[in-house]
Amino acid sequence: MSCHLVSDTHIAALVTAAARYDKYAQLPSPPWEHLSRDHPKAFATVSGKLGGSIPTGSNVAQTYPAYVGRALALANVASVDANYRGRHTGPEDYAAALAYQHEPADLDPVTLLKQVHNYAYQSCEAPDWDSSWAKAFCEQLEGILIRNLPGYDAAPWGI
């Protein structure tokens, strides 16, 4: 299977969708403890801002969009790195993921669904994908976006 690094705009679309549509805080929080331990400068404010506590149970994409984007970008780099055994990634790719700055990218739910599927395809080569936060994020975001498709609320619940 081939995979590639997605663009910052692609990541921004996913994070923007999460912030906009996750009204009930259904999306899982990134593994803050792991991320801030492994990349203290890139995730320092997450733990520092809250006095050492890790944010959970809220729409973290609204509160920490750059950090959610960085976590998604890191998962994508890890997938490409695993798939190509480091031949198509380098320290600069990890540095770019850790430097992600969020610029909102608002797309319609149908286009966003396709971007979720594309991101999952590009990121599923990491050895821990099946149990990863990124996979759970994609699955939850997919469900949230489906429920926001035009006409979904008006459709009958049962027939």
# chains A, B, ... in the order shown; residues from 1 in each chain; ligands from 1

call {"tool": "residues_around", "arguments": {"residues": "A:Glu125", "least_positions_apart": "5", "cutoff": "9 Å", "atoms": "only C-alpha atoms", "output": "ChimeraX atom specification"}}
result
/A:1-3,76,78-83

call {"tool": "write_last_selection", "arguments": {"atoms": "C-alpha atoms", "output": "tab-separated table (two decimals), in the first residue's frame"}}
result
chain	number	residue	atom	x	y	z
A	1	MET	CA	0.00	0.00	0.00
A	2	SER	CA	1.29	3.46	-0.76
A	3	CYS	CA	0.74	6.52	1.37
A	76	ASN	CA	0.44	10.76	9.34
A	78	ALA	CA	4.54	7.97	11.49
A	79	SER	CA	2.46	6.07	8.94
A	80	VAL	CA	4.56	7.18	5.97
A	81	ASP	CA	7.70	6.47	7.97
A	82	ALA	CA	6.52	2.94	8.79
A	83	ASN	CA	5.33	2.22	5.26

call {"tool": "residues_around", "arguments": {"residues": "stretch 12-27 of chain A", "least_positions_apart": "3", "cutoff": "7 Å", "atoms": "only C-alpha atoms", "output": "list of chain:residue names"}}
result
A:Asp8, A:Thr9, A:Gly57, A:Ser58, A:Asn59, A:Ala61, A:Gln62, A:Pro65, A:Val68, A:Gly69, A:His102, A:Glu103, A:Pro104, A:Ala105, A:Asp106, A:Leu107, A:Val116, A:Phe137, A:Gln140, A:Leu141, A:Ile144

call {"tool": "write_last_selection", "arguments": {"atoms": "N, CA and C atoms", "output": "PDB file, in the first residue's frame"}}
result
ATOM      1  N   ASP A   8      -0.984  20.620   5.182  1.00  0.00           N
ATOM      2  CA  ASP A   8      -1.475  21.338   6.359  1.00  0.00           C
ATOM      3  C   ASP A   8      -2.934  21.748   6.166  1.00  0.00           C
ATOM      4  N   THR A   9      -3.318  22.076   4.941  1.00  0.00           N
ATOM      5  CA  THR A   9      -4.702  22.446   4.660  1.00  0.00           C
ATOM      6  C   THR A   9      -5.626  21.257   4.894  1.00  0.00           C
ATOM      7  N   GLY A  57     -12.658  15.517  27.718  1.00  0.00           N
ATOM      8  CA  GLY A  57     -14.080  15.731  27.950  1.00  0.00           C
ATOM      9  C   GLY A  57     -14.636  17.028  27.404  1.00  0.00           C
ATOM     10  N   SER A  58     -13.898  17.717  26.570  1.00  0.00           N
ATOM     11  CA  SER A  58     -14.412  18.932  25.949  1.00  0.00           C
ATOM     12  C   SER A  58     -14.037  18.891  24.479  1.00  0.00           C
ATOM     13  N   ASN A  59     -14.544  19.825  23.726  1.00  0.00           N
ATOM     14  CA  ASN A  59     -14.196  19.891  22.315  1.00  0.00           C
ATOM     15  C   ASN A  59     -12.779  20.449  22.217  1.00  0.00           C
ATOM     16  N   ALA A  61     -10.686  20.346  19.917  1.00  0.00           N
ATOM     17  CA  ALA A  61     -10.345  20.968  18.647  1.00  0.00           C
ATOM     18  C   ALA A  61     -10.683  22.455  18.668  1.00  0.00           C
ATOM     19  N   GLN A  62     -11.676  22.844  19.457  1.00  0.00           N
ATOM     20  CA  GLN A  62     -11.977  24.273  19.612  1.00  0.00           C
ATOM     21  C   GLN A  62     -10.945  24.944  20.502  1.00  0.00           C
ATOM     22  N   PRO A  65      -6.737  23.865  18.717  1.00  0.00           N
ATOM     23  CA  PRO A  65      -6.718  23.393  17.326  1.00  0.00           C
ATOM     24  C   PRO A  65      -5.315  23.094  16.800  1.00  0.00           C
ATOM     25  N   VAL A  68      -4.209  19.649  18.256  1.00  0.00           N
ATOM     26  CA  VAL A  68      -4.908  18.526  17.614  1.00  0.00           C
ATOM     27  C   VAL A  68      -4.337  18.325  16.216  1.00  0.00           C
ATOM     28  N   GLY A  69      -4.101  19.425  15.495  1.00  0.00           N
ATOM     29  CA  GLY A  69      -3.492  19.335  14.165  1.00  0.00           C
ATOM     30  C   GLY A  69      -2.105  18.718  14.209  1.00  0.00           C
ATOM     31  N   HIS A 102      -2.554  26.287  13.111  1.00  0.00           N
ATOM     32  CA  HIS A 102      -3.898  26.106  12.567  1.00  0.00           C
ATOM     33  C   HIS A 102      -4.419  27.358  11.860  1.00  0.00           C
ATOM     34  N   GLU A 103      -4.804  27.176  10.635  1.00  0.00           N
ATOM     35  CA  GLU A 103      -5.525  28.176   9.851  1.00  0.00           C
ATOM     36  C   GLU A 103      -6.820  27.505   9.424  1.00  0.00           C
ATOM     37  N   PRO A 104      -7.978  27.951   9.904  1.00  0.00           N
ATOM     38  CA  PRO A 104      -9.223  27.251   9.605  1.00  0.00           C
ATOM     39  C   PRO A 104      -9.432  27.010   8.100  1.00  0.00           C
ATOM     40  N   ALA A 105      -9.972  25.859   7.787  1.00  0.00           N
ATOM     41  CA  ALA A 105     -10.297  25.474   6.417  1.00  0.00           C
ATOM     42  C   ALA A 105     -11.679  24.839   6.448  1.00  0.00           C
ATOM     43  N   ASP A 106     -12.684  25.612   6.146  1.00  0.00           N
ATOM     44  CA  ASP A 106     -14.073  25.176   6.280  1.00  0.00           C
ATOM     45  C   ASP A 106     -14.567  24.570   4.969  1.00  0.00           C
ATOM     46  N   LEU A 107     -14.974  23.301   5.024  1.00  0.00           N
ATOM     47  CA  LEU A 107     -15.491  22.592   3.858  1.00  0.00           C
ATOM     48  C   LEU A 107     -16.862  22.015   4.189  1.00  0.00           C
ATOM     49  N   VAL A 116     -11.615  12.816   5.526  1.00  0.00           N
ATOM     50  CA  VAL A 116     -11.402  11.902   6.654  1.00  0.00           C
ATOM     51  C   VAL A 116     -10.950  10.552   6.117  1.00  0.00           C
ATOM     52  N   PHE A 137     -10.302   9.035  16.291  1.00  0.00           N
ATOM     53  CA  PHE A 137     -10.698  10.388  15.891  1.00  0.00           C
ATOM     54  C   PHE A 137     -11.393  10.348  14.536  1.00  0.00           C
ATOM     55  N   GLN A 140     -14.896   8.622  14.771  1.00  0.00           N
ATOM     56  CA  GLN A 140     -15.882   9.481  15.422  1.00  0.00           C
ATOM     57  C   GLN A 140     -16.245  10.674  14.545  1.00  0.00           C
ATOM     58  N   LEU A 141     -15.248  11.289  13.921  1.00  0.00           N
ATOM     59  CA  LEU A 141     -15.517  12.447  13.062  1.00  0.00           C
ATOM     60  C   LEU A 141     -16.385  12.031  11.879  1.00  0.00           C
ATOM     61  N   ILE A 144     -19.928  11.896  13.101  1.00  0.00           N
ATOM     62  CA  ILE A 144     -20.415  13.260  13.346  1.00  0.00           C
ATOM     63  C   ILE A 144     -20.750  13.942  12.021  1.00  0.00           C
TER      64      ILE A 144
END

call {"tool": "atom_distance", "arguments": {"atom1": "atom CA of A:Ala99", "atom2": "atom CA of A:Val6"}}
result
14.6 Å

call {"tool": "closest_residue", "arguments": {"among": "A:Leu5, A:Ala44, A:Leu113, A:Leu74", "to": "A:Trp133", "atoms": "only C-alpha atoms"}}
result
A:Leu74

call {"tool": "select_by_dssp", "arguments": {"residues": "chain A", "states": "alpha helix (DSSP H)", "output": "JSON, numbers by chain"}}
result
{"A": [8, 9, 10, 11, 12, 13, 14, 15, 16, 17, 18, 19, 20, 21, 32, 33, 34, 35, 36, 37, 38, 40, 41, 42, 43, 44, 45, 46, 47, 48, 49, 60, 61, 62, 63, 65, 66, 67, 68, 69, 70, 71, 72, 73, 74, 75, 76, 77, 78, 79, 80, 81, 82, 83, 91, 92, 93, 94, 95, 96, 97, 98, 109, 110, 111, 112, 113, 114, 115, 116, 117, 118, 119, 120, 121, 122, 123, 133, 134, 135, 136, 137, 138, 139, 140, 141, 142, 143, 144, 145, 146]}

call {"tool": "residues_around", "arguments": {"residues": "stretch 147-151 of chain A", "least_positions_apart": "5", "cutoff": "9 Å", "atoms": "only C-alpha atoms", "output": "ChimeraX atom specification"}}
result
/A:21,108-110,142

call {"tool": "write_last_selection", "arguments": {"atoms": "C-alpha atoms", "output": "PDB file, in the first residue's frame"}}
result
ATOM      1  CA  TYR A  21     -19.363  19.832  14.367  1.00  0.00           C
ATOM      2  CA  ASP A 108     -18.919  21.051   3.371  1.00  0.00           C
ATOM      3  CA  PRO A 109     -19.678  17.760   5.182  1.00  0.00           C
ATOM      4  CA  VAL A 110     -19.494  15.583   2.050  1.00  0.00           C
ATOM      5  CA  GLU A 142     -16.974  10.354  10.228  1.00  0.00           C
TER       6      GLU A 142
END

call {"tool": "residues_around", "arguments": {"residues": "stretch 85-98 of chain A", "least_positions_apart": "6", "cutoff": "8 Å", "atoms": "only C-alpha atoms", "output": "ChimeraX atom specification"}}
result
/A:39,42,70-71,73-74,77

call {"tool": "atom_distance", "arguments": {"atom1": "atom CA of A:Asp153", "atom2": "atom CA of A:Tyr119"}}
result
26.6 Å
